[in-house]
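**Q** Got a file for you: my_file-v7.cif, mmCIF, C-alpha atoms.
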data_protein
#
loop_
_atom_site.label_atom_id
_atom_site.label_comp_id
_atom_site.auth_asym_id
_atom_site.auth_seq_id
_atom_site.Cartn_x
_atom_site.Cartn_y
_atom_site.Cartn_z
CA MET A 1 49.95 -327.66 -182.42
CA ASN A 2 49.62 -324.62 -184.65
CA ARG A 3 46.52 -323.27 -182.92
CA THR A 4 47.06 -319.90 -181.28
CA ALA A 5 43.65 -319.09 -179.76
CA LEU A 6 40.99 -320.78 -177.67
CA THR A 7 37.74 -321.92 -179.19
CA PRO A 8 34.48 -320.33 -177.97
CA GLY A 9 33.73 -323.54 -176.09
CA GLU A 10 37.09 -323.46 -174.31
CA ARG A 11 36.54 -319.84 -173.33
CA GLU A 12 33.15 -320.74 -171.91
CA GLN A 13 34.60 -323.65 -169.94
CA LEU A 14 37.35 -321.47 -168.48
CA ASP A 15 34.80 -318.88 -167.44
CA THR A 16 32.22 -321.22 -165.91
CA GLU A 17 34.19 -324.27 -164.74
CA GLY A 18 37.60 -322.64 -164.22
CA TYR A 19 39.75 -325.10 -166.17
CA VAL A 20 40.34 -326.52 -169.63
CA VAL A 21 42.60 -329.18 -171.17
CA LEU A 22 44.51 -328.05 -174.26
CA LEU A 23 45.70 -331.03 -176.29
CA ASP A 24 48.96 -331.50 -178.22
CA VAL A 25 50.67 -328.33 -177.05
CA PHE A 26 53.99 -330.21 -176.78
CA THR A 27 55.30 -332.98 -179.00
CA PRO A 28 56.57 -336.25 -177.48
CA GLN A 29 60.12 -335.09 -178.24
CA GLU A 30 59.54 -331.79 -176.44
CA CYS A 31 58.09 -333.64 -173.45
CA ASP A 32 61.21 -335.81 -173.30
CA GLU A 33 63.53 -332.82 -173.62
CA LEU A 34 61.74 -330.82 -170.93
CA GLY A 35 61.57 -333.81 -168.61
CA ASP A 36 65.27 -334.47 -169.11
CA GLU A 37 66.03 -330.80 -168.37
CA MET A 38 64.21 -331.04 -165.04
CA ASP A 39 65.82 -334.38 -164.14
CA THR A 40 69.28 -333.08 -165.04
CA SER A 41 68.77 -329.95 -162.94
CA TRP A 42 67.62 -332.04 -159.98
CA GLU A 43 70.78 -334.14 -160.12
CA LYS A 44 73.36 -331.59 -161.29
CA PHE A 45 72.45 -328.95 -158.72
CA ARG A 46 71.75 -331.50 -155.96
CA LEU A 47 68.30 -330.04 -155.43
CA HIS A 48 67.31 -332.98 -153.23
CA GLU A 49 69.56 -331.46 -150.57
CA ILE A 50 67.66 -328.17 -150.45
CA SER A 51 64.14 -329.06 -151.56
CA ASP A 52 61.50 -328.70 -148.86
CA SER A 53 58.66 -329.81 -151.12
CA GLU A 54 56.46 -332.85 -150.61
CA GLU A 55 58.10 -336.17 -149.82
CA GLY A 56 58.56 -338.30 -152.92
CA VAL A 57 58.34 -335.32 -155.28
CA ARG A 58 61.25 -334.05 -157.39
CA PHE A 59 60.58 -330.32 -157.19
CA VAL A 60 62.70 -327.99 -159.32
CA ASP A 61 62.11 -324.63 -157.67
CA ASN A 62 62.34 -321.81 -160.25
CA ALA A 63 62.97 -323.99 -163.30
CA LEU A 64 63.92 -320.97 -165.41
CA TYR A 65 66.97 -320.48 -163.20
CA TYR A 66 68.33 -323.78 -164.55
CA SER A 67 66.97 -323.99 -168.08
CA ALA A 68 66.16 -321.38 -170.73
CA LYS A 69 64.49 -324.17 -172.73
CA VAL A 70 61.23 -323.63 -170.83
CA GLN A 71 60.72 -320.17 -172.35
CA ASP A 72 59.16 -321.57 -175.54
CA GLY A 73 56.40 -323.20 -173.54
CA LEU A 74 55.88 -320.10 -171.44
CA LEU A 75 55.42 -318.03 -174.59
CA HIS A 76 53.18 -320.48 -176.47
CA PRO A 77 50.47 -318.24 -177.95
CA LEU A 78 47.66 -320.63 -177.01
CA LEU A 79 48.73 -320.62 -173.36
CA LEU A 80 49.07 -316.84 -173.36
CA ASP A 81 45.60 -316.55 -174.87
CA ALA A 82 44.17 -318.77 -172.14
CA ALA A 83 46.01 -316.85 -169.43
CA SER A 84 44.78 -313.54 -170.84
CA GLN A 85 41.24 -314.92 -170.82
CA MET A 86 41.49 -315.40 -167.05
CA VAL A 87 43.83 -312.64 -165.87
CA GLY A 88 43.69 -309.93 -168.54
CA PRO A 89 45.78 -308.84 -171.51
CA ARG A 90 48.88 -307.74 -169.57
CA LEU A 91 50.68 -310.78 -168.18
CA LEU A 92 53.63 -311.35 -165.88
CA LEU A 93 55.23 -314.70 -165.17
CA ASN A 94 54.77 -315.42 -161.47
CA LEU A 95 56.56 -318.76 -161.21
CA ILE A 96 57.66 -321.86 -163.08
CA ASN A 97 58.59 -325.10 -161.32
CA GLY A 98 59.29 -328.68 -162.28
CA ARG A 99 57.15 -331.15 -160.30
CA SER A 100 57.49 -334.91 -160.64
CA PRO A 101 55.73 -337.07 -158.03
CA ALA A 102 57.37 -340.49 -157.96
CA ALA A 103 55.44 -343.74 -157.75
CA GLY A 104 53.82 -343.90 -154.33
CA ALA A 105 54.01 -340.15 -153.65
CA ALA A 106 51.18 -338.81 -151.53
CA GLY A 107 48.60 -336.34 -152.75
CA GLN A 108 47.89 -332.80 -151.62
CA PRO A 109 45.02 -331.30 -149.64
CA LEU A 110 42.53 -329.28 -151.63
CA HIS A 111 43.77 -325.69 -151.76
CA VAL A 112 43.82 -322.70 -151.57
CA LEU A 113 40.76 -322.61 -149.33
CA ASP A 114 41.20 -319.07 -148.03
CA ARG A 115 41.76 -317.47 -151.44
CA ARG A 116 39.31 -314.83 -152.63
CA ARG A 117 36.71 -316.06 -155.13
CA GLY A 118 35.01 -314.19 -157.94
CA ARG A 119 36.07 -311.73 -160.59
CA PRO A 120 38.42 -310.05 -161.23
CA PHE A 121 41.00 -312.84 -161.13
CA ASP A 122 44.67 -312.13 -160.60
CA LYS A 123 46.39 -315.48 -161.21
CA CYS A 124 46.14 -318.62 -163.33
CA ASN A 125 48.07 -321.87 -163.62
CA ALA A 126 49.40 -323.89 -166.54
CA ILE A 127 50.29 -327.55 -165.89
CA TRP A 128 52.44 -328.98 -168.68
CA CYS A 129 51.77 -332.72 -168.81
CA LEU A 130 55.11 -334.28 -169.71
CA ASP A 131 53.56 -337.68 -168.97
CA ASP A 132 49.96 -338.82 -169.17
CA PHE A 133 47.85 -337.55 -166.28
CA THR A 134 45.57 -340.41 -165.23
CA ALA A 135 43.32 -341.27 -162.31
CA GLU A 136 45.85 -343.92 -161.28
CA ASN A 137 48.96 -341.72 -161.27
CA GLY A 138 47.37 -338.83 -159.40
CA ALA A 139 46.02 -336.44 -162.04
CA THR A 140 44.95 -333.05 -160.71
CA ARG A 141 41.49 -332.76 -159.18
CA VAL A 142 39.40 -329.61 -159.32
CA ILE A 143 36.04 -328.45 -158.01
CA PRO A 144 34.43 -326.84 -161.08
CA GLY A 145 33.00 -323.39 -160.56
CA SER A 146 34.63 -322.89 -157.16
CA HIS A 147 36.67 -320.00 -158.58
CA LEU A 148 33.45 -318.02 -158.84
CA ASP A 149 31.87 -318.96 -155.50
CA ASP A 150 33.17 -321.53 -153.02
CA THR A 151 30.14 -321.52 -150.69
CA ALA A 152 28.72 -324.85 -151.85
CA ALA A 153 32.15 -326.49 -152.12
CA LEU A 154 33.19 -325.50 -148.60
CA ALA A 155 29.83 -326.53 -147.18
CA ARG A 156 30.45 -330.06 -148.52
CA MET A 157 34.13 -330.10 -147.50
CA GLY A 158 35.36 -332.73 -145.06
CA ASP A 159 39.05 -333.46 -144.65
CA ALA A 160 40.81 -331.56 -147.45
CA MET A 161 42.91 -334.66 -148.15
CA ASP A 162 39.82 -336.75 -148.86
CA ALA A 163 37.84 -336.97 -152.08
CA HIS A 164 35.31 -334.15 -152.38
CA PRO A 165 31.80 -335.00 -153.66
CA ASP A 166 32.03 -332.29 -156.32
CA GLU A 167 35.58 -332.90 -157.53
CA VAL A 168 36.53 -333.79 -161.09
CA ILE A 169 39.74 -335.66 -161.89
CA VAL A 170 41.33 -333.90 -164.86
CA GLU A 171 42.89 -336.64 -166.95
CA ALA A 172 45.06 -335.43 -169.82
CA PRO A 173 47.41 -337.09 -172.32
CA ARG A 174 51.10 -336.44 -172.54
CA GLY A 175 51.79 -333.16 -174.33
CA ALA A 176 48.60 -331.50 -173.12
CA VAL A 177 48.43 -328.45 -170.88
CA ILE A 178 45.86 -328.07 -168.12
CA MET A 179 45.02 -324.39 -167.79
CA HIS A 180 43.14 -323.48 -164.66
CA ASN A 181 42.14 -320.46 -162.66
CA SER A 182 44.28 -320.19 -159.52
CA HIS A 183 41.16 -319.19 -157.59
CA LEU A 184 39.74 -322.66 -158.36
CA ILE A 185 39.91 -325.17 -155.49
CA HIS A 186 42.26 -327.92 -156.68
CA SER A 187 45.09 -330.29 -155.72
CA GLY A 188 47.35 -333.07 -156.89
CA ARG A 189 46.41 -336.63 -155.98
CA PRO A 190 48.42 -339.69 -154.81
CA ASN A 191 50.48 -341.45 -157.45
CA ALA A 192 49.35 -345.06 -157.22
CA SER A 193 51.02 -346.08 -160.48
CA GLY A 194 54.44 -347.63 -160.95
CA ALA A 195 56.00 -344.59 -162.65
CA ASP A 196 56.72 -340.90 -162.16
CA ARG A 197 54.23 -338.25 -163.24
CA ARG A 198 56.42 -335.52 -164.71
CA SER A 199 55.12 -332.01 -165.19
CA ILE A 200 56.06 -328.36 -165.22
CA HIS A 201 53.85 -325.84 -163.45
CA ALA A 202 53.75 -322.18 -164.49
CA ALA A 203 51.63 -319.35 -163.16
CA TYR A 204 50.75 -316.04 -164.79
CA THR A 205 49.49 -312.89 -163.08
CA HIS A 206 48.82 -309.32 -164.07
CA PRO A 207 51.76 -306.93 -163.52
CA GLU A 208 50.42 -305.45 -160.28
CA ILE A 209 50.94 -308.78 -158.47
CA PRO A 210 54.46 -309.36 -157.06
CA THR A 211 56.31 -312.26 -158.67
CA HIS A 212 57.10 -315.37 -156.66
CA TYR A 213 60.73 -315.17 -157.80
CA ASP A 214 63.15 -312.33 -158.34
CA TRP A 215 63.77 -312.62 -162.06
CA THR A 216 66.70 -310.17 -161.88
CA ALA A 217 68.59 -312.96 -160.06
CA LEU A 218 68.62 -315.26 -163.10
CA PRO A 219 72.14 -316.38 -164.10
CA PRO A 220 73.69 -314.34 -166.92
CA ALA A 221 73.94 -317.46 -169.11
CA ILE A 222 70.16 -317.93 -168.87
CA VAL A 223 69.44 -314.25 -169.47
CA ALA A 224 71.59 -314.34 -172.61
CA ASP A 225 69.32 -317.02 -174.09
CA LEU A 226 66.03 -315.27 -173.38
CA SER A 227 64.02 -313.68 -176.15
CA GLU A 228 62.69 -310.14 -175.97
CA GLN A 229 59.19 -311.55 -175.52
CA ALA A 230 60.40 -313.59 -172.56
CA PHE A 231 62.04 -310.48 -171.13
CA ASP A 232 58.69 -308.70 -171.32
CA LEU A 233 56.89 -311.61 -169.65
CA LEU A 234 59.37 -311.46 -166.77
CA GLY A 235 58.78 -307.74 -166.33
CA LEU A 236 62.46 -306.97 -166.83
CA LYS A 237 62.15 -304.06 -169.22
CA GLU A 238 62.36 -301.78 -166.20
CA ALA A 239 65.12 -303.75 -164.47
CA ALA A 240 67.99 -301.79 -162.97
CA LEU A 241 70.88 -301.35 -165.38
CA ASP A 242 73.44 -302.41 -162.81
CA VAL A 243 72.04 -305.91 -162.35
CA GLU A 244 74.66 -308.35 -163.62
CA GLY A 245 73.72 -309.84 -166.96
CA LEU A 246 70.76 -307.56 -167.56
CA GLY A 247 72.32 -304.26 -168.50
CA ALA A 248 72.89 -305.16 -172.15
CA ARG A 249 69.29 -306.32 -172.52
CA VAL A 250 67.31 -303.49 -170.92
#
Written as structure tokens, how would this file's structure read?
**A**
Amino acid sequence: MNRTALTPGEREQLDTEGYVVLLDVFTPQECDELGDEMDTSWEKFRLHEISDSEEGVRFVDNALYYSAKVQDGLLHPLLLDAASQMVGPRLLLNLINGRSPAAGAAGQPLHVLDRRRGRPFDKCNAIWCLDDFTAENGATRVIPGSHLDDTAALARMGDAMDAHPDEVIVEAPRGAVIMHNSHLIHSGRPNASGADRRSIHAAYTHPEIPTHYDWTALPPAIVADLSEQAFDLLGLKEAALDVEGLGARV
């Protein structure tokens, strides 16, 4: 995809419904490469021994720690435009994780139910669909408009694991990115297919919000491969000069 900016319709959808599907952000080859990077990290670093994520989910906590390859996706101008639409022009990467629910993996409860709603927004999510997201394999569900006001959604809420009467299942083809407001009520769903549903989840905030990870702890080999734009997105321009691997870049 060569497109670098949202259409007026996409901007309107992000504002009013809180989510949008951006097609063809990644090529099939890029999806394979990114998926392989996450799978390799899971095996090479024995992440199954330390992961406390959901059962049946290969969760690569802080994917940038293991692979600099993800920086191109993080810096895709279309994704940055969408993030800026929700959060504002100054962005900071909050987190990036690999998440691959295996066949039969359970879903998640609708969340985050106690998060503040309404403008201004301080966080947004980008779900990179490395495989098709379908109703069968547990595509993300959202409650449109709940980022603005959750009164009606919560009034109709039963068990947060159950289907909600207002929810929309966001199906998306491989290579797409689902951008959504983090203040939107949402969750993953059970994978009832016979295959994994591979994805990478990133979140952007404005610089006043603390990051989920300490980016100064990235391995020197990863830091060496980061672009100056990536350095800015990580908020490392002001990093201490004595942090190993960073001094030459600050």
**Q** Can you turn the PyMOL selection byres ((chain A and resi 114-127) around 8) into a concrete residue list for this file, as a ChimeraX atom specification?
**A** /A:79,83,86-87,112-113,128-129,146-150,177-184,199-206,209
**Q** Name the residues in contact with range 25-30 of chain A at a cut-off of 10 Å, using all atoms listed in the file, excluding same-chain residues fewer than 4 positions from it; report them as a ChimeraX atom specification.
**A** /A:1-3,34-36,69,73,76,78-79,128-131,174-177
**Q** Could you state which residues are captured by the PyMOL selection byres ((chain A and resi 98) around 12) in this file, as a PyMOL selection string?
**A** chain A and resi 34-42+47+51+53+57-67+70+95-97+99-101+126-130+197-202
**Q** What's around Met161 in chain A at 8 Å? Count all atoms listed in the file, leave out sequence neighbours fewer than 3 positions away in its own chain, and write the answer as a list in words.
**A**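 Once the nearby chain positions are removed, what remains is Gly107, Gln108, Pro109 and Leu110 of chain A.
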**Q** Set the distance at 7 Å and use all atoms listed in the file: which residues neighbour range 186-194 of chain A once local chain neighbours fewer than 2 positions away are removed? I'd like the list as a list in words.
**A**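 Here the qualifying residues turn out to be Pro101, Ala102, Ala103, Gly104, Ala105, Ala106, Gly107, Gln108, Pro109, Leu110, His111, Glu136, Asn137, Gly138, Ala139, Thr140, Arg141, Val142, Ile143 and Leu184 of chain A.
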**Q** Determine the nearest neighbour of Glu17 in chain A from the options A:Ala224, A:Ala68, A:Val168, A:Ala5, counting all atoms listed in the file.
**A** A:Val168
**Q** One number please: CA of Val170 in chain A to CA of Pro144 in chain A, in Å, one decimal.
**A** 10.6 Å
**Q** Of the candidates A:Gly88, A:Tyr213, A:Pro165, A:Pro173, which one gets nearest to Ala135 in chain A if we count only C-alpha atoms?
**A**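 Using only C-alpha atoms, Ala135 in chain A sits closest to A:Pro173.
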**Q** With the PyMOL selection byres ((chain A and resi 7) around 12) as the selection, what would be picked from this file? Answer as a list in words, please.
**A**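 With the PyMOL selection byres ((chain A and resi 7) around 12) on this model, the match is Arg3, Thr4, Ala5, Leu6, Pro8, Gly9, Glu10, Arg11, Glu12, Gln13, Leu14, Val20, Val21, Leu22, Leu78, Asp81, Ala82 and Gln85 of chain A.
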**Q** Please compute the CA of Pro77 in chain A-CA of Thr134 in chain A distance, one decimal, in Å.
**A**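 Pair CA of Pro77 in chain A / CA of Thr134 in chain A returns 26.0 Å.
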**Q** Quote the spacing between CA of Gln229 in chain A and CA of Asp214 in chain A in Å to one decimal place.
**A** 17.6 Å
**Q** Draw an axis-aligned box tight on the listed atoms of range 87-93 of chain A, then pad every side by 6 Å and write out centre and edge lengths in Å to one decimal as JSON.
**A**
{"center_x": 49.5, "center_y": -311.2, "center_z": -168.3, "size_x": 23.5, "size_y": 19.0, "size_z": 18.3}
**Q** May I ask which of the residues A:Leu154, A:Ala221, A:Cys31, A:Leu23 is the closest one to Glu167 in chain A, counting only C-alpha atoms?
**A** A:Leu154
